[in-house]
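Comments concern the structure below.
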Amino acid sequence: MTLQFLLNGLIEGSMIGLGAIGVTLTYAILRFSNFAHGDFMAWGAYSTLMLVGLIGSAVGTVAPIGPLSFGWPLILAGLGGMVFTGCLALLLDWLLFARLRARGQAIVVVMASFGASMALRNLLEFAFTSSPTYFSRKIQIARPIGLGIRITPDQTVLLGMTLVLVVGMHLLMTYSRTGREMKAVSQNPALARVVGIDLDRIVRMTWLIGGALASAAGLMVGVLVQIRPLMGLDMLLPMFAAAILGGIGSVPGAVLGGLVIGLSQAASVQLVGAEWRQAVAFVILVAVLLVRPTGLFGVQER
Amino acid sequence: MAAMLETDGLVAGYEPGLPIVRGASIRVEPQEIVVILGPNWAGKSSLIKAIAGLVPISGGAVRLAGAEITRVPAHRMVQAGLAFVPQTENVFPLLSVQDNLRVSAGGLPRAETAARIEEMFALFPDLARQRRLMAGSLSGGQRQMLAAARALIVRPRVLMLDEPSAGLSPKFVEMVFARLAEIRRGGVTVVLVEQNARAALAIGDRAYVLVEGRVAHEAPAATLWDDPVVAELYLGQRSDGGGR
Ligand SMILES: Nc1ncnc2c1ncn2[C@@H]1O[C@H](COP(=O)(O)OP(=O)(O)OP(=O)(O)O)[C@@H](O)[C@H]1O
Ligand SMILES: [Mg+2]
């Protein structure tokens, strides 16, 4: 038995956690499960890929940074992808969810997100086929960091990116006006309006943030694994399990939930075999719902 | 001179074709305390919620200091100078006392917000000791104080409260009404919906009795209590002293 699964779990957990932040915020503020959230990840990865291509055709080949598999174009394109995906989420809300929300039936919005998910996925398959693609095919050398664990330079940098995004999100939620307003809306939307909070602005912020973080997660999966139209769908269950395990509405909870699920998945591969990996998130999801539906950081609704 | 707050034949309701407020006209002069009484289901809460922009208005008008605010979205009322304290769920339970005030101060500069929070703590010293506590863990009376502080922090011209004394112990009821009298002396116009009529009329200037969504009676607070018309409107409910 090696401890490599710890690192693998940490990386998987980071991808899940970044996605789960968007899931948990959408659920807390808009009160519906957005099943299209996984597809934001895939759209984030593909839009980043497109932008890398665009930058490449404008400036020619760019050498990778040090031992990494990518150069500055990917960093720039990653940021562009976050903006693009945030705007995609906004557009989807404006075209679809906002109209249905106005009629007031939550289940209709959930079903619509199923439909949106399918449409988004099919569009990607149509445009890029369903076969996987990569940001780079360069082989990376994993370096030992002790205890039999090895890590590649790409993994190190992307874990760092996750840390920066998560800490940034936590600071935003805790110390900024927007963060406080988001919490207020999630606790009592009617009172939020009474105290002068513009609900529409908070909803827009939620989509922008959720979409952007999903795109970052997509970038991470794309660099470390591969890019496929189905990449987001595969992450959907782990992301929801993480959001619920962490407690709906809690950003640190979603991240911690993601790490727990990522580590459990990686451990299960090692302990019981890879075929069980997919079941882990489901088991954890059901267990949380049965034992502590409010999750780790959740608080009982009034 | 224009009234501070005025509704003119206001019609409002939750569903189309089902008006709950059915042509209510009230007029509140600057720095008055006006009490709105009425039997259960009369539409008192619906009336002030409609004024606050929370219930769809289908007819009539609302004016604040002469400016029409009918159908102004709820989140702009604060800017217009109108603050509202709902009857229940009137604080954010999972924000600290301090953050409840902060989130209600809106986009004021940081220093100004901090100064106003201290101002509110001076007005409600009980809250100052609990500033880092989650609002959800406050007692009923303290929560009512926080709800009032939350509304006052924006320095409104008009403060509307929906049954601020409901469910409070007599000690807190007395405190709440004493505070309201003080707030009015500070220049704020107060509209008060109350079941606890005796206590409300003691600090109020004038009162309206609302029945089935319309104003059925209007009188100075001092004489209203002894008015036989009022006893009739309440259908004998008054015999319990107006309390719940
Ligand atoms: N959110 C709502 N949706 C639909 N109808 C409502 C809603 N709130 C109140 N009503 C209806 O409006 C009517 C008047 O209620 P309202 O709460 O305004 O009366 P009230 O005078 O404040 O009564 P109380 O003394 O019990 O507080 C009632 O028939 C009630 O059923
Ligand atoms: Mg009421």
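Letters for chains follow the order of the structure tokens (A, B, ...), residue numbers begin at 1 for each chain, and ligand numbers begin at 1 in the order shown.
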
Would you mind listing, as a ChimeraX atom specification, all residues of chain B that have at least one atom within 10 Å of chain A, where only C-alpha atoms are what counts?
/B:49,52-54,73-79,82-86,88-95,99-107,136,150-151,154

List as a tab-separated table every residue of chain B that is in contact with ligand 2, defined as an atom at most 7 Å from one of its atoms (using only C-alpha atoms and all ligand atoms), together with the nearest atom pair and the distance in Å rounded to one decimal, sorted by chain and then rising number.
```
residue	atom	partner	partner_atom_place_in_ligand_line	distance
B:Gly43	CA	ligand 2	1 (Mg)	6.9
B:Lys44	CA	ligand 2	1 (Mg)	5.6
B:Ser45	CA	ligand 2	1 (Mg)	4.0
B:Asp162	CA	ligand 2	1 (Mg)	6.7
```

Generate the output file for the selected residues, N, CA and C atoms, as a PDB file, in the first residue's frame.
```pdb
ATOM      1  N   GLY B  43     -56.131  42.851   7.179  1.00  0.00           N
ATOM      2  CA  GLY B  43     -55.248  43.291   6.108  1.00  0.00           C
ATOM      3  C   GLY B  43     -54.251  44.351   6.566  1.00  0.00           C
ATOM      4  N   LYS B  44     -54.025  44.449   7.874  1.00  0.00           N
ATOM      5  CA  LYS B  44     -53.093  45.455   8.402  1.00  0.00           C
ATOM      6  C   LYS B  44     -51.673  45.170   7.904  1.00  0.00           C
ATOM      7  N   SER B  45     -51.262  43.917   8.068  1.00  0.00           N
ATOM      8  CA  SER B  45     -49.913  43.566   7.598  1.00  0.00           C
ATOM      9  C   SER B  45     -49.817  43.757   6.097  1.00  0.00           C
ATOM     10  N   ASP B 162     -44.504  46.181  12.153  1.00  0.00           N
ATOM     11  CA  ASP B 162     -45.646  45.283  12.219  1.00  0.00           C
ATOM     12  C   ASP B 162     -45.602  44.508  13.539  1.00  0.00           C
TER      13      ASP B 162
END
```

Let me see if you get this right: every residue at most 7 Å from ligand 1, counting only C-alpha atoms and all ligand atoms, written as a list in words.
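Result of the 7 Å neighbour search around ligand 1: Tyr14, Ile20, Gly38, Pro39, Asn40, Trp41, Ala42, Gly43, Lys44, Ser45, Ser46, Leu47 and Gln195 of chain B.
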
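The shell of residues at most 7 Å from Thr85 of chain A, with only C-alpha atoms counted and near chain neighbours (fewer than 4 positions) removed, consists of Phe40, Trp43, Gly44, Gly81, Ala89, Gly211, Ala212 and Ser215 of chain A.
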
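Across the model, the gap from atom CA of Thr48 of chain A to atom CA of Leu76 of chain A is 8.8 Å.
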
Which residues come within 12 Å of Gly146 of chain A, counting only C-alpha atoms, excluding same-chain residues fewer than 4 positions away, as a short mmCIF file (atom, residue, chain, number, x, y, z; two decimals) with N, CA and C atoms, in the first residue's frame?
```cif
data_model
loop_
_atom_site.label_atom_id
_atom_site.label_comp_id
_atom_site.auth_asym_id
_atom_site.auth_seq_id
_atom_site.Cartn_x
_atom_site.Cartn_y
_atom_site.Cartn_z
N THR A 2 0.60 2.15 -0.92
CA THR A 2 1.34 3.40 -0.93
C THR A 2 0.41 4.55 -0.56
N LEU A 3 1.01 5.65 -0.20
CA LEU A 3 0.20 6.80 0.21
C LEU A 3 -0.14 7.71 -0.97
N GLN A 4 0.23 7.25 -2.17
CA GLN A 4 -0.03 8.08 -3.35
C GLN A 4 -1.51 8.46 -3.46
N LEU A 7 -2.49 11.97 -2.39
CA LEU A 7 -2.31 13.06 -3.33
C LEU A 7 -3.38 13.01 -4.43
N ARG A 150 4.38 10.98 -5.07
CA ARG A 150 5.00 11.70 -6.17
C ARG A 150 4.02 12.72 -6.71
N ILE A 151 4.55 13.87 -7.13
CA ILE A 151 3.67 14.92 -7.64
C ILE A 151 4.30 15.56 -8.88
#
```

Tell me which protein, DNA and RNA residues are within 12 Å of Ala119 of chain A, counting only C-alpha atoms, leaving out same-chain ones fewer than 3 positions away, and put them as a list in words.
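The contact residues come out as Phe35, Ala36, Asp39, Phe40, Trp43, Leu92, Ala112, Ser113, Phe114, Gly115, Ala116, Asn122, Leu123, Leu124, Glu125, Phe126 and Pro229 of chain A.
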
Produce a file of the selected residues containing all heavy atoms, as a compact mmCIF listing (two decimals), in the first residue's frame.
```txt
# COMPACT_ATOMS: atom_id res chain seq x y z
N PHE A 35 -28.63 21.04 -12.47
CA PHE A 35 -27.96 19.87 -13.03
C PHE A 35 -27.08 20.22 -14.23
O PHE A 35 -26.37 19.37 -14.73
CB PHE A 35 -28.98 18.79 -13.38
CG PHE A 35 -29.56 18.15 -12.17
CD1 PHE A 35 -30.84 18.45 -11.73
CD2 PHE A 35 -28.80 17.26 -11.42
CE1 PHE A 35 -31.35 17.87 -10.58
CE2 PHE A 35 -29.31 16.67 -10.27
CZ PHE A 35 -30.59 16.98 -9.86
N ALA A 36 -27.15 21.44 -14.68
CA ALA A 36 -26.28 21.85 -15.79
C ALA A 36 -24.92 22.33 -15.28
O ALA A 36 -24.07 22.73 -16.07
CB ALA A 36 -26.96 22.94 -16.62
N ASP A 39 -21.91 20.74 -16.75
CA ASP A 39 -21.63 21.13 -18.14
C ASP A 39 -20.93 22.48 -18.22
O ASP A 39 -20.23 22.76 -19.19
CB ASP A 39 -22.94 21.12 -18.93
CG ASP A 39 -23.56 19.73 -18.86
OD1 ASP A 39 -23.04 18.82 -19.50
OD2 ASP A 39 -24.55 19.57 -18.10
N PHE A 40 -21.12 23.31 -17.17
CA PHE A 40 -20.33 24.55 -17.13
C PHE A 40 -18.84 24.20 -17.08
O PHE A 40 -18.01 24.89 -17.67
CB PHE A 40 -20.69 25.39 -15.89
CG PHE A 40 -22.07 25.99 -15.93
CD1 PHE A 40 -22.64 26.49 -14.78
CD2 PHE A 40 -22.78 26.07 -17.12
CE1 PHE A 40 -23.91 27.06 -14.80
CE2 PHE A 40 -24.05 26.63 -17.16
CZ PHE A 40 -24.62 27.12 -15.99
N TRP A 43 -17.83 23.23 -20.59
CA TRP A 43 -17.78 24.43 -21.43
C TRP A 43 -16.59 25.30 -21.05
O TRP A 43 -15.98 25.93 -21.92
CB TRP A 43 -19.09 25.21 -21.33
CG TRP A 43 -20.12 24.67 -22.28
CD1 TRP A 43 -20.78 23.49 -22.18
CD2 TRP A 43 -20.56 25.29 -23.50
NE1 TRP A 43 -21.62 23.33 -23.24
CE2 TRP A 43 -21.52 24.41 -24.08
CE3 TRP A 43 -20.27 26.48 -24.16
CZ2 TRP A 43 -22.16 24.69 -25.28
CZ3 TRP A 43 -20.92 26.77 -25.35
CH2 TRP A 43 -21.85 25.87 -25.91
N LEU A 92 -27.75 31.70 -19.65
CA LEU A 92 -28.69 30.59 -19.45
C LEU A 92 -29.78 31.01 -18.45
O LEU A 92 -30.95 30.69 -18.61
CB LEU A 92 -27.93 29.37 -18.93
CG LEU A 92 -28.63 28.03 -19.09
CD1 LEU A 92 -28.86 27.73 -20.55
CD2 LEU A 92 -27.79 26.94 -18.44
N ALA A 112 -35.83 21.94 -16.05
CA ALA A 112 -35.25 22.75 -17.12
C ALA A 112 -33.73 22.63 -17.10
O ALA A 112 -33.09 22.62 -18.16
CB ALA A 112 -35.66 24.21 -16.95
N SER A 113 -33.14 22.52 -15.91
CA SER A 113 -31.69 22.43 -15.86
C SER A 113 -31.22 21.08 -16.42
O SER A 113 -30.15 20.98 -16.99
CB SER A 113 -31.17 22.65 -14.43
OG SER A 113 -31.29 21.49 -13.65
N PHE A 114 -32.06 20.04 -16.25
CA PHE A 114 -31.76 18.76 -16.91
C PHE A 114 -31.68 18.96 -18.41
O PHE A 114 -30.74 18.51 -19.07
CB PHE A 114 -32.88 17.74 -16.63
CG PHE A 114 -32.54 16.77 -15.55
CD1 PHE A 114 -33.30 16.70 -14.40
CD2 PHE A 114 -31.46 15.90 -15.69
CE1 PHE A 114 -32.99 15.81 -13.40
CE2 PHE A 114 -31.16 14.99 -14.70
CZ PHE A 114 -31.93 14.95 -13.53
N GLY A 115 -32.71 19.61 -18.94
CA GLY A 115 -32.76 19.86 -20.38
C GLY A 115 -31.58 20.69 -20.84
O GLY A 115 -30.93 20.37 -21.85
N ALA A 116 -31.27 21.74 -20.08
CA ALA A 116 -30.15 22.61 -20.44
C ALA A 116 -28.86 21.81 -20.45
O ALA A 116 -28.01 21.98 -21.34
CB ALA A 116 -30.06 23.77 -19.46
N ASN A 122 -24.75 18.16 -25.77
CA ASN A 122 -24.88 17.81 -27.19
C ASN A 122 -24.19 18.82 -28.09
O ASN A 122 -23.59 18.47 -29.10
CB ASN A 122 -26.36 17.68 -27.57
CG ASN A 122 -26.96 16.42 -26.98
OD1 ASN A 122 -26.23 15.49 -26.61
ND2 ASN A 122 -28.27 16.40 -26.85
N LEU A 123 -24.29 20.09 -27.70
CA LEU A 123 -23.61 21.12 -28.49
C LEU A 123 -22.11 20.86 -28.53
O LEU A 123 -21.46 20.98 -29.57
CB LEU A 123 -23.88 22.50 -27.89
CG LEU A 123 -25.18 23.17 -28.31
CD1 LEU A 123 -25.43 24.43 -27.47
CD2 LEU A 123 -25.11 23.54 -29.79
N LEU A 124 -21.54 20.48 -27.37
CA LEU A 124 -20.10 20.19 -27.33
C LEU A 124 -19.76 18.98 -28.19
O LEU A 124 -18.78 18.99 -28.93
CB LEU A 124 -19.65 19.94 -25.88
CG LEU A 124 -19.55 21.15 -24.97
CD1 LEU A 124 -19.05 20.72 -23.59
CD2 LEU A 124 -18.62 22.20 -25.55
N GLU A 125 -20.59 17.93 -28.10
CA GLU A 125 -20.32 16.72 -28.90
C GLU A 125 -20.42 17.04 -30.38
O GLU A 125 -19.64 16.54 -31.19
CB GLU A 125 -21.29 15.60 -28.51
CG GLU A 125 -20.94 15.01 -27.17
CD GLU A 125 -21.83 13.84 -26.78
OE1 GLU A 125 -23.01 13.81 -27.20
OE2 GLU A 125 -21.33 12.97 -26.04
N PHE A 126 -21.37 17.90 -30.72
CA PHE A 126 -21.55 18.29 -32.11
C PHE A 126 -20.32 19.05 -32.61
O PHE A 126 -19.80 18.79 -33.69
CB PHE A 126 -22.81 19.15 -32.24
CG PHE A 126 -23.06 19.64 -33.62
CD1 PHE A 126 -23.51 18.76 -34.61
CD2 PHE A 126 -22.84 20.96 -33.96
CE1 PHE A 126 -23.74 19.21 -35.89
CE2 PHE A 126 -23.07 21.42 -35.24
CZ PHE A 126 -23.52 20.54 -36.21
N PRO A 229 -16.60 16.01 -23.73
CA PRO A 229 -17.92 16.64 -23.49
C PRO A 229 -18.60 16.09 -22.24
O PRO A 229 -19.38 16.79 -21.61
CB PRO A 229 -18.71 16.26 -24.75
CG PRO A 229 -17.67 16.09 -25.81
CD PRO A 229 -16.49 15.49 -25.11
```

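As for atom CA of Arg27 of chain B and atom CA of Leu123 of chain B, they are spaced 28.3 Å apart.
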
Run DSSP on the backbone of this structure and report the residues of segment 21-224 of chain A it assigns to alpha helix (DSSP H), as a VMD selection string.
chain A and resid 21 to 30 37 to 59 72 to 92 98 to 103 106 to 128 153 to 175 177 to 187 189 to 194 199 to 224
